[in-house]
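**Q** So I've got this file, my_file.csv, and it contains CSV, C-alpha atoms:
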```csv
chain,number,residue,atom,x,y,z
A,24,MET,CA,1.3,-16.6,-23.2
A,25,SER,CA,0.1,-19.5,-25.3
A,26,SER,CA,2.0,-20.6,-28.4
A,27,GLU,CA,-1.1,-19.8,-30.5
A,28,SER,CA,-1.2,-16.2,-29.3
A,29,SER,CA,2.6,-15.9,-30.0
A,30,ARG,CA,2.1,-16.6,-33.7
A,31,PRO,CA,2.6,-13.6,-36.0
A,32,THR,CA,-0.4,-11.7,-37.2
A,33,THR,CA,-1.5,-12.6,-40.7
A,34,GLY,CA,0.3,-10.4,-43.2
A,35,GLU,CA,3.2,-9.5,-40.9
A,36,ARG,CA,6.1,-8.9,-43.3
A,37,VAL,CA,9.7,-9.9,-43.4
A,38,LEU,CA,12.1,-8.2,-45.9
A,39,VAL,CA,14.6,-10.8,-47.3
A,40,THR,CA,17.4,-9.7,-49.6
A,41,GLY,CA,18.5,-12.2,-52.2
A,42,GLY,CA,15.5,-14.3,-51.5
A,43,ALA,CA,14.9,-15.8,-54.9
A,44,ASN,CA,17.4,-18.6,-54.7
A,45,GLY,CA,19.5,-20.8,-52.4
A,46,ILE,CA,19.5,-20.0,-48.7
A,47,GLY,CA,17.4,-16.9,-49.3
A,48,ALA,CA,14.6,-18.9,-50.9
A,49,ALA,CA,14.6,-21.4,-48.1
A,50,ILE,CA,14.3,-18.5,-45.6
A,51,ALA,CA,11.4,-17.0,-47.5
A,52,ASP,CA,9.7,-20.4,-47.6
A,53,ARG,CA,10.2,-20.8,-43.8
A,54,CYS,CA,8.8,-17.3,-43.2
A,55,ARG,CA,5.6,-18.4,-45.1
A,56,GLN,CA,5.4,-21.5,-42.9
A,57,ASP,CA,5.8,-19.4,-39.8
A,58,GLY,CA,2.9,-17.1,-40.8
A,59,TYR,CA,4.9,-14.2,-42.2
A,60,GLU,CA,4.7,-12.5,-45.6
A,61,PRO,CA,8.1,-12.4,-47.2
A,62,VAL,CA,9.0,-9.3,-49.2
A,63,ILE,CA,11.9,-10.2,-51.4
A,64,LEU,CA,14.5,-7.9,-53.0
A,65,ASP,CA,16.4,-9.6,-55.8
A,66,GLN,CA,17.6,-9.2,-59.3
A,67,GLN,CA,15.5,-12.1,-60.6
A,68,GLY,CA,12.6,-14.3,-59.7
A,69,ASP,CA,8.8,-14.0,-59.8
A,70,GLY,CA,6.8,-12.1,-57.2
A,71,VAL,CA,9.9,-10.1,-56.0
A,72,ILE,CA,10.9,-6.5,-56.0
A,73,HIS,CA,13.6,-6.4,-58.7
A,74,CYS,CA,16.7,-4.3,-57.9
A,75,ASP,CA,20.4,-4.3,-58.0
A,76,LEU,CA,21.5,-4.4,-54.4
A,77,ARG,CA,25.0,-3.4,-55.4
A,78,ASP,CA,23.6,0.0,-56.4
A,79,PRO,CA,22.5,2.4,-53.7
A,80,GLU,CA,19.9,4.2,-55.9
A,81,SER,CA,18.4,0.9,-57.1
A,82,THR,CA,18.3,-0.4,-53.5
A,83,ALA,CA,16.7,2.9,-52.2
A,84,ALA,CA,14.0,2.7,-54.8
A,85,ALA,CA,13.2,-0.9,-53.9
A,86,LEU,CA,13.1,-0.1,-50.2
A,87,GLU,CA,10.8,2.8,-50.8
A,88,LEU,CA,8.4,0.5,-52.7
A,89,ALA,CA,8.6,-2.2,-50.0
A,90,LEU,CA,7.8,0.3,-47.3
A,91,ALA,CA,4.9,2.0,-49.2
A,92,ASP,CA,2.5,-0.4,-47.5
A,93,GLY,CA,3.8,0.4,-44.0
A,94,PRO,CA,6.6,-0.5,-41.6
A,95,ILE,CA,8.4,-3.8,-41.9
A,96,THR,CA,9.6,-5.1,-38.5
A,97,ARG,CA,11.7,-8.0,-39.6
A,98,LEU,CA,14.8,-8.0,-41.9
A,99,VAL,CA,17.0,-10.7,-43.2
A,100,ASN,CA,20.1,-9.4,-44.8
A,101,ASN,CA,20.9,-12.5,-46.9
A,102,VAL,CA,22.3,-11.4,-50.2
A,103,GLY,CA,26.0,-12.1,-50.8
A,104,ALA,CA,28.7,-13.0,-53.3
A,105,VAL,CA,32.0,-14.8,-52.8
A,106,PHE,CA,34.7,-13.5,-55.3
A,107,PRO,CA,37.2,-16.3,-54.4
A,108,HIS,CA,40.8,-15.0,-54.6
A,109,SER,CA,43.8,-14.6,-52.4
A,110,VAL,CA,44.8,-11.3,-50.9
A,111,GLN,CA,47.5,-11.0,-53.5
A,112,ASP,CA,45.1,-11.6,-56.4
A,113,GLN,CA,41.9,-10.0,-55.2
A,114,THR,CA,41.2,-7.0,-57.4
A,115,LEU,CA,40.0,-3.7,-56.0
A,116,GLN,CA,36.9,-4.0,-58.3
A,117,GLU,CA,36.0,-7.3,-56.7
A,118,PHE,CA,36.6,-6.0,-53.2
A,119,ASP,CA,34.4,-3.0,-53.9
A,120,ALA,CA,31.7,-5.2,-55.4
A,121,ALA,CA,31.8,-7.5,-52.3
A,122,PHE,CA,31.5,-4.5,-50.0
A,123,ALA,CA,28.6,-3.0,-51.9
A,124,LEU,CA,26.6,-6.3,-52.0
A,125,ASN,CA,27.6,-8.1,-48.8
A,126,LEU,CA,27.8,-5.1,-46.4
A,127,ARG,CA,26.6,-1.8,-47.8
A,128,SER,CA,23.2,-3.1,-48.9
A,129,ALA,CA,22.7,-4.5,-45.4
A,130,PHE,CA,23.5,-1.2,-43.8
A,131,GLN,CA,21.1,0.6,-46.2
A,132,CYS,CA,18.3,-1.9,-45.4
A,133,VAL,CA,18.8,-1.5,-41.7
A,134,GLN,CA,18.7,2.3,-41.9
A,135,ALA,CA,15.5,2.2,-44.0
A,136,LEU,CA,13.6,-0.2,-41.7
A,137,LEU,CA,14.7,1.2,-38.3
A,138,PRO,CA,12.2,4.1,-38.1
A,139,GLY,CA,9.2,1.7,-38.5
A,140,MET,CA,10.7,-0.8,-36.1
A,141,ARG,CA,11.1,1.9,-33.5
A,142,GLU,CA,7.6,3.1,-34.1
A,143,SER,CA,6.3,-0.5,-33.7
A,144,GLY,CA,8.3,-1.1,-30.6
A,145,LEU,CA,9.6,-4.4,-32.2
A,146,GLY,CA,12.3,-5.2,-34.6
A,147,ARG,CA,14.2,-8.4,-35.6
A,148,ILE,CA,17.3,-8.0,-37.8
A,149,VAL,CA,19.2,-11.1,-38.9
A,150,SER,CA,22.3,-10.7,-41.1
A,151,MET,CA,23.9,-13.6,-43.0
A,152,SER,CA,27.5,-13.7,-42.1
A,153,SER,CA,29.7,-16.8,-42.7
A,154,ARG,CA,32.1,-19.1,-40.9
A,155,ALA,CA,34.6,-17.5,-43.3
A,156,ALA,CA,34.4,-14.3,-41.2
A,157,LEU,CA,36.7,-16.2,-38.8
A,158,GLY,CA,39.3,-16.5,-41.6
A,159,LYS,CA,39.5,-18.7,-44.7
A,160,GLU,CA,42.0,-18.9,-47.5
A,161,LEU,CA,41.0,-17.4,-50.9
A,162,ARG,CA,38.2,-15.3,-49.3
A,163,ALA,CA,39.9,-11.9,-48.9
A,164,ALA,CA,36.9,-9.8,-49.9
A,165,TYR,CA,34.2,-12.2,-48.8
A,166,ALA,CA,35.7,-12.8,-45.3
A,167,SER,CA,36.3,-9.0,-44.8
A,168,THR,CA,32.7,-8.0,-45.6
A,169,LYS,CA,31.1,-10.9,-43.7
A,170,ALA,CA,33.2,-9.9,-40.7
A,171,GLY,CA,32.0,-6.4,-41.2
A,172,LEU,CA,28.4,-7.6,-40.8
A,173,LEU,CA,29.3,-8.9,-37.4
A,174,GLY,CA,30.5,-5.5,-36.3
A,175,LEU,CA,27.3,-3.8,-37.7
A,176,THR,CA,25.2,-6.4,-35.9
A,177,ARG,CA,26.8,-5.6,-32.5
A,178,VAL,CA,26.5,-1.9,-32.9
A,179,VAL,CA,22.8,-2.1,-33.9
A,180,ALA,CA,22.2,-4.4,-30.9
A,181,LEU,CA,23.7,-1.9,-28.5
A,182,GLU,CA,22.0,1.2,-30.0
A,183,GLU,CA,18.5,-0.2,-30.7
A,184,GLY,CA,17.8,-2.7,-27.9
A,185,ARG,CA,16.0,0.0,-25.8
A,186,TYR,CA,13.4,0.2,-28.7
A,187,GLY,CA,12.6,-3.5,-28.7
A,188,ILE,CA,14.9,-4.2,-31.6
A,189,THR,CA,17.3,-7.1,-31.7
A,190,ALA,CA,20.1,-7.7,-34.2
A,191,ASN,CA,21.9,-11.0,-34.7
A,192,ALA,CA,23.9,-12.8,-37.3
A,193,VAL,CA,23.9,-16.3,-38.6
A,194,GLY,CA,27.2,-17.8,-39.8
A,195,PRO,CA,26.7,-20.8,-42.1
A,196,GLY,CA,29.4,-23.3,-42.7
A,197,PRO,CA,29.5,-25.4,-45.9
A,198,ILE,CA,25.9,-25.4,-47.2
A,199,ALA,CA,24.8,-27.2,-50.4
A,200,THR,CA,24.0,-24.3,-52.6
A,201,ASP,CA,25.0,-23.1,-56.0
A,202,LEU,CA,27.0,-20.3,-54.4
A,203,PHE,CA,29.1,-22.9,-52.5
A,204,ARG,CA,29.5,-25.2,-55.5
A,205,ASN,CA,30.7,-22.3,-57.7
A,206,ALA,CA,33.4,-21.4,-55.2
A,207,ASN,CA,34.1,-25.1,-54.3
A,208,PRO,CA,33.8,-27.3,-57.4
A,209,ASP,CA,32.4,-30.8,-56.9
A,210,GLY,CA,35.1,-33.4,-56.5
A,211,SER,CA,38.0,-31.0,-56.0
A,212,PRO,CA,40.5,-31.9,-53.2
A,213,GLN,CA,39.6,-28.6,-51.4
A,214,THR,CA,35.9,-29.4,-51.5
A,215,ARG,CA,36.5,-33.0,-50.2
A,216,SER,CA,38.6,-31.7,-47.4
A,217,ILE,CA,35.9,-29.2,-46.3
A,218,ILE,CA,33.2,-31.9,-46.2
A,219,GLU,CA,35.3,-34.5,-44.5
A,220,SER,CA,36.2,-32.0,-41.7
A,221,VAL,CA,32.6,-31.3,-40.7
A,222,PRO,CA,32.0,-33.1,-37.3
A,223,VAL,CA,28.4,-34.1,-38.1
A,224,GLN,CA,29.8,-35.6,-41.4
A,225,ARG,CA,27.5,-34.0,-43.8
A,226,MET,CA,26.9,-30.8,-45.8
A,227,GLY,CA,24.4,-28.4,-44.4
A,228,THR,CA,21.2,-27.6,-46.2
A,229,PRO,CA,19.5,-24.2,-46.8
A,230,GLU,CA,16.7,-25.4,-44.5
A,231,ASP,CA,19.2,-25.8,-41.7
A,232,VAL,CA,20.0,-22.1,-42.0
A,233,ALA,CA,16.4,-21.1,-42.4
A,234,HIS,CA,15.5,-22.9,-39.1
A,235,ALA,CA,18.1,-20.8,-37.3
A,236,VAL,CA,16.9,-17.6,-38.9
A,237,SER,CA,13.3,-18.5,-37.9
A,238,TYR,CA,14.3,-18.6,-34.2
A,239,LEU,CA,16.0,-15.2,-34.3
A,240,LEU,CA,13.0,-13.6,-36.1
A,241,ASP,CA,10.6,-14.8,-33.5
A,242,GLU,CA,9.1,-12.2,-31.2
A,243,ARG,CA,9.9,-14.5,-28.2
A,244,SER,CA,13.7,-14.2,-29.0
A,245,GLY,CA,13.8,-10.7,-27.6
A,246,PHE,CA,16.5,-11.4,-25.0
A,247,VAL,CA,19.0,-12.7,-27.7
A,248,THR,CA,20.8,-9.8,-29.4
A,249,GLY,CA,24.3,-9.0,-30.7
A,250,GLN,CA,25.0,-12.7,-31.2
A,251,THR,CA,26.4,-14.9,-34.0
A,252,LEU,CA,24.8,-18.3,-34.4
A,253,TYR,CA,27.1,-20.6,-36.4
A,254,VAL,CA,25.2,-23.2,-38.5
A,255,CYS,CA,28.2,-25.2,-39.5
A,256,GLY,CA,27.9,-28.8,-38.3
A,257,GLY,CA,30.4,-28.1,-35.5
A,258,LEU,CA,33.1,-26.8,-37.9
A,259,THR,CA,33.8,-23.7,-35.8
A,260,VAL,CA,34.6,-25.9,-32.8
A,261,GLY,CA,37.5,-27.7,-34.5
A,262,ARG,CA,38.4,-30.2,-37.2
A,263,VAL,CA,37.9,-33.9,-36.7
A,264,ASP,CA,40.5,-36.4,-37.7
A,265,VAL,CA,39.7,-38.1,-41.0
```
Have the structure of the file written as structure tokens, please.
**A**
Amino acid sequence: MSSESSRPTTGERVLVTGGANGIGAAIADRCRQDGYEPVILDQQGDGVIHCDLRDPESTAAALELALADGPITRLVNNVGAVFPHSVQDQTLQEFDAAFALNLRSAFQCVQALLPGMRESGLGRIVSMSSRAALGKELRAAYASTKAGLLGLTRVVALEEGRYGITANAVGPGPIATDLFRNANPDGSPQTRSIIESVPVQRMGTPEDVAHAVSYLLDERSGFVTGQTLYVCGGLTVGRVDV
């Protein structure tokens, strides 16, 4: 099959949660470059379906609106929040908020889109986990919910592969976004230590993550499922001496 015939049909849609800013915006931009039409669910931004992804009813209404024009065969569960605290200091309210936004909304989106993916015989689900899922100090709620996405990804991959649906996760390392800077203030010893420990000796960019997502959304990536692709500059391999 030629590369030209493998390009998506004009108007083929991708649902991106939290796609108004940061990594989500970069993913939406890359989807447009790849020939898709991004459908963005977010609390803010122009040209998006506004909803509160922490709230099941708001999320359900947004998904119903998104699917009113027909099935969506590609999904990027990108939305997330950090709530940086230790296990001792993390509040139950913060943990519940992290669960609702980082994990429950992803599950809800998967459930809503699966029937259309099955009907189409094609589905690509990419969920934004994190290197923190492997363990990171001051990330009790965040790491727990991002690790939960890995479990969800593997179960969906096992159950839905027979229908032409793949499910994979992307695990970013330190990426230069407002979310990272809010949790890791510029100039702090902790932030300097993170950056200096990256083997490629630089911060990642939202475009680095979007490139990985683009690969996993491609129809030609149908033999890759249940996997986690770490976009971390080699940080998951080990720390370099500095």
**Q** Go ahead and find all residues with at least one atom no further than 12 Å from (34.7, -32.2, -44.6) in the file's coordinates, using only C-alpha atoms; report them as a PyMOL selection string.
**A** chain A and resi 196-198+210-227+255-258+261-265
**Q** Put those residues in a file: C-alpha atoms, as a PDB file, in the coordinates of the input.
**A**
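The resulting file, result.pdb, is reproduced below:
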```pdb
ATOM      1  CA  GLY A 196      29.400 -23.300 -42.700  1.00  0.00           C
ATOM      2  CA  PRO A 197      29.500 -25.400 -45.900  1.00  0.00           C
ATOM      3  CA  ILE A 198      25.900 -25.400 -47.200  1.00  0.00           C
ATOM      4  CA  GLY A 210      35.100 -33.400 -56.500  1.00  0.00           C
ATOM      5  CA  SER A 211      38.000 -31.000 -56.000  1.00  0.00           C
ATOM      6  CA  PRO A 212      40.500 -31.900 -53.200  1.00  0.00           C
ATOM      7  CA  GLN A 213      39.600 -28.600 -51.400  1.00  0.00           C
ATOM      8  CA  THR A 214      35.900 -29.400 -51.500  1.00  0.00           C
ATOM      9  CA  ARG A 215      36.500 -33.000 -50.200  1.00  0.00           C
ATOM     10  CA  SER A 216      38.600 -31.700 -47.400  1.00  0.00           C
ATOM     11  CA  ILE A 217      35.900 -29.200 -46.300  1.00  0.00           C
ATOM     12  CA  ILE A 218      33.200 -31.900 -46.200  1.00  0.00           C
ATOM     13  CA  GLU A 219      35.300 -34.500 -44.500  1.00  0.00           C
ATOM     14  CA  SER A 220      36.200 -32.000 -41.700  1.00  0.00           C
ATOM     15  CA  VAL A 221      32.600 -31.300 -40.700  1.00  0.00           C
ATOM     16  CA  PRO A 222      32.000 -33.100 -37.300  1.00  0.00           C
ATOM     17  CA  VAL A 223      28.400 -34.100 -38.100  1.00  0.00           C
ATOM     18  CA  GLN A 224      29.800 -35.600 -41.400  1.00  0.00           C
ATOM     19  CA  ARG A 225      27.500 -34.000 -43.800  1.00  0.00           C
ATOM     20  CA  MET A 226      26.900 -30.800 -45.800  1.00  0.00           C
ATOM     21  CA  GLY A 227      24.400 -28.400 -44.400  1.00  0.00           C
ATOM     22  CA  CYS A 255      28.200 -25.200 -39.500  1.00  0.00           C
ATOM     23  CA  GLY A 256      27.900 -28.800 -38.300  1.00  0.00           C
ATOM     24  CA  GLY A 257      30.400 -28.100 -35.500  1.00  0.00           C
ATOM     25  CA  LEU A 258      33.100 -26.800 -37.900  1.00  0.00           C
ATOM     26  CA  GLY A 261      37.500 -27.700 -34.500  1.00  0.00           C
ATOM     27  CA  ARG A 262      38.400 -30.200 -37.200  1.00  0.00           C
ATOM     28  CA  VAL A 263      37.900 -33.900 -36.700  1.00  0.00           C
ATOM     29  CA  ASP A 264      40.500 -36.400 -37.700  1.00  0.00           C
ATOM     30  CA  VAL A 265      39.700 -38.100 -41.000  1.00  0.00           C
TER      31      VAL A 265
END
```
**Q** Give me the stretch 66-135 of chain A side of the contact with stretch 234-252 of chain A, cut-off 9 Å, one line per residue showing its nearest atom pair and distance in Å at one decimal, counting only C-alpha atoms, sorted by chain and residue number, as a tab-separated table.
**A**
```
residue	atom	partner	partner_atom	distance
A:Arg97	CA	A:Leu240	CA	6.7
A:Leu98	CA	A:Leu240	CA	8.3
A:Val99	CA	A:Val236	CA	8.1
```
**Q** Select all residues near (10.0, -6.1, -46.0) (cut-off 7 Å, inclusive, file coordinates), counting all atoms listed in the file, and output them as a list in words.
**A**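 The distance filter leaves exactly Arg36, Val37, Leu38, Val39, Pro61, Val62, Ala89, Leu90, Ile95, Arg97 and Leu98 of chain A.
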**Q** With C-alpha atoms retained, export the selected residues as a PDB file, in the coordinates of the input.
**A**
```
ATOM      1  CA  ARG A  36       6.100  -8.900 -43.300  1.00  0.00           C
ATOM      2  CA  VAL A  37       9.700  -9.900 -43.400  1.00  0.00           C
ATOM      3  CA  LEU A  38      12.100  -8.200 -45.900  1.00  0.00           C
ATOM      4  CA  VAL A  39      14.600 -10.800 -47.300  1.00  0.00           C
ATOM      5  CA  PRO A  61       8.100 -12.400 -47.200  1.00  0.00           C
ATOM      6  CA  VAL A  62       9.000  -9.300 -49.200  1.00  0.00           C
ATOM      7  CA  ALA A  89       8.600  -2.200 -50.000  1.00  0.00           C
ATOM      8  CA  LEU A  90       7.800   0.300 -47.300  1.00  0.00           C
ATOM      9  CA  ILE A  95       8.400  -3.800 -41.900  1.00  0.00           C
ATOM     10  CA  ARG A  97      11.700  -8.000 -39.600  1.00  0.00           C
ATOM     11  CA  LEU A  98      14.800  -8.000 -41.900  1.00  0.00           C
TER      12      LEU A  98
END
```
**Q** Could the residues of stretch 204-233 of chain A that have an atom at most 12 Å from stretch 106-111 of chain A be listed as JSON lines, each with its closest atom pair and the distance in Å to one decimal, counting only C-alpha atoms and ordered by chain and ascending residue number?
**A**
```
{"residue": "A:Arg204", "atom": "CA", "partner": "A:Pro107", "partner_atom": "CA", "distance": 11.8}
{"residue": "A:Asn205", "atom": "CA", "partner": "A:Pro107", "partner_atom": "CA", "distance": 9.4}
{"residue": "A:Ala206", "atom": "CA", "partner": "A:Pro107", "partner_atom": "CA", "distance": 6.4}
{"residue": "A:Asn207", "atom": "CA", "partner": "A:Pro107", "partner_atom": "CA", "distance": 9.3}
{"residue": "A:Pro208", "atom": "CA", "partner": "A:Pro107", "partner_atom": "CA", "distance": 11.9}
```
**Q** Grab the atom CA of A:Ser81 to atom CA of A:Arg141 distance for me, in Å with one decimal place.
**A**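 Taking atom CA of A:Ser81 and atom CA of A:Arg141, their separation equals 24.7 Å.
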**Q** Between atom CA of A:Asp78 and atom CA of A:Ala199, what is the distance, to one decimal in Å?
**A**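 These atoms are spaced 27.9 Å apart.
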**Q** So, counting all atoms listed in the file, which residue among A:Tyr59, A:Gln67, A:Leu86, A:Asn101 is closest to A:Gly41?
**A** A:Asn101
**Q** Quick one: residues within 10 Å of A:Gly47, all atoms listed in the file, excluding same-chain residues fewer than 4 positions away - as a PDB file with C-alpha atoms, keeping the file's coordinate frame?
**A**
```pdb
ATOM      1  CA  VAL A  39      14.600 -10.800 -47.300  1.00  0.00           C
ATOM      2  CA  THR A  40      17.400  -9.700 -49.600  1.00  0.00           C
ATOM      3  CA  GLY A  41      18.500 -12.200 -52.200  1.00  0.00           C
ATOM      4  CA  GLY A  42      15.500 -14.300 -51.500  1.00  0.00           C
ATOM      5  CA  ALA A  43      14.900 -15.800 -54.900  1.00  0.00           C
ATOM      6  CA  ALA A  51      11.400 -17.000 -47.500  1.00  0.00           C
ATOM      7  CA  ASP A  52       9.700 -20.400 -47.600  1.00  0.00           C
ATOM      8  CA  ARG A  53      10.200 -20.800 -43.800  1.00  0.00           C
ATOM      9  CA  ILE A  63      11.900 -10.200 -51.400  1.00  0.00           C
ATOM     10  CA  ASP A  65      16.400  -9.600 -55.800  1.00  0.00           C
ATOM     11  CA  VAL A  99      17.000 -10.700 -43.200  1.00  0.00           C
ATOM     12  CA  ASN A 100      20.100  -9.400 -44.800  1.00  0.00           C
ATOM     13  CA  ASN A 101      20.900 -12.500 -46.900  1.00  0.00           C
ATOM     14  CA  VAL A 102      22.300 -11.400 -50.200  1.00  0.00           C
ATOM     15  CA  GLY A 103      26.000 -12.100 -50.800  1.00  0.00           C
ATOM     16  CA  MET A 151      23.900 -13.600 -43.000  1.00  0.00           C
ATOM     17  CA  PRO A 229      19.500 -24.200 -46.800  1.00  0.00           C
ATOM     18  CA  GLU A 230      16.700 -25.400 -44.500  1.00  0.00           C
ATOM     19  CA  VAL A 232      20.000 -22.100 -42.000  1.00  0.00           C
ATOM     20  CA  ALA A 233      16.400 -21.100 -42.400  1.00  0.00           C
TER      21      ALA A 233
END
```
**Q** Select, from A:Glu142, A:Asp75, A:Asp201, A:Asp69, the residue with the minimum atom-to-atom distance to A:Val105, counting all atoms listed in the file.
**A** A:Asp201
**Q** So, counting all atoms listed in the file, which residue among A:Ala49, A:Arg147, A:Phe118, A:Thr200 is closest to A:Ala166?
**A**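 The closest residue to A:Ala166 is A:Phe118.
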**Q** Atom CA of A:Leu64 to atom CA of A:Pro94: how many Å, to one decimal?
**A**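 Atom CA of A:Pro94 lies at a distance of 15.7 Å from atom CA of A:Leu64.
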**Q** I'd like to know which of A:Gly184, A:Gly45, A:Gly70, A:Gly174 is closest to A:Thr228, using all atoms listed in the file.
**A** A:Gly45
**Q** Excluding same-chain residues fewer than 3 positions from A:Arg77, what lies within 12 Å of it counting all atoms listed in the file, as a PyMOL selection string?
**A** chain A and resi 40-41+64-66+74+80-83+102-104+117+119-131
**Q** Could those selected residues go to a file with C-alpha atoms, as a PDB file, keeping the file's coordinate frame?
**A**
```pdb
ATOM      1  CA  THR A  40      17.400  -9.700 -49.600  1.00  0.00           C
ATOM      2  CA  GLY A  41      18.500 -12.200 -52.200  1.00  0.00           C
ATOM      3  CA  LEU A  64      14.500  -7.900 -53.000  1.00  0.00           C
ATOM      4  CA  ASP A  65      16.400  -9.600 -55.800  1.00  0.00           C
ATOM      5  CA  GLN A  66      17.600  -9.200 -59.300  1.00  0.00           C
ATOM      6  CA  CYS A  74      16.700  -4.300 -57.900  1.00  0.00           C
ATOM      7  CA  GLU A  80      19.900   4.200 -55.900  1.00  0.00           C
ATOM      8  CA  SER A  81      18.400   0.900 -57.100  1.00  0.00           C
ATOM      9  CA  THR A  82      18.300  -0.400 -53.500  1.00  0.00           C
ATOM     10  CA  ALA A  83      16.700   2.900 -52.200  1.00  0.00           C
ATOM     11  CA  VAL A 102      22.300 -11.400 -50.200  1.00  0.00           C
ATOM     12  CA  GLY A 103      26.000 -12.100 -50.800  1.00  0.00           C
ATOM     13  CA  ALA A 104      28.700 -13.000 -53.300  1.00  0.00           C
ATOM     14  CA  GLU A 117      36.000  -7.300 -56.700  1.00  0.00           C
ATOM     15  CA  ASP A 119      34.400  -3.000 -53.900  1.00  0.00           C
ATOM     16  CA  ALA A 120      31.700  -5.200 -55.400  1.00  0.00           C
ATOM     17  CA  ALA A 121      31.800  -7.500 -52.300  1.00  0.00           C
ATOM     18  CA  PHE A 122      31.500  -4.500 -50.000  1.00  0.00           C
ATOM     19  CA  ALA A 123      28.600  -3.000 -51.900  1.00  0.00           C
ATOM     20  CA  LEU A 124      26.600  -6.300 -52.000  1.00  0.00           C
ATOM     21  CA  ASN A 125      27.600  -8.100 -48.800  1.00  0.00           C
ATOM     22  CA  LEU A 126      27.800  -5.100 -46.400  1.00  0.00           C
ATOM     23  CA  ARG A 127      26.600  -1.800 -47.800  1.00  0.00           C
ATOM     24  CA  SER A 128      23.200  -3.100 -48.900  1.00  0.00           C
ATOM     25  CA  ALA A 129      22.700  -4.500 -45.400  1.00  0.00           C
ATOM     26  CA  PHE A 130      23.500  -1.200 -43.800  1.00  0.00           C
ATOM     27  CA  GLN A 131      21.100   0.600 -46.200  1.00  0.00           C
TER      28      GLN A 131
END
```
**Q** From the options A:Arg177, A:His73, A:Arg185, A:Arg162, which residue's atoms come nearest to A:Thr114, counting only C-alpha atoms?
**A**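 Residue with the minimum atom-to-atom distance to A:Thr114: A:Arg162.
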**Q** Calculated over only C-alpha atoms, which of the candidates A:Pro195, A:Gly58, A:Gly93, A:Gly68 has the smallest distance to A:Gly139?
**A** A:Gly93
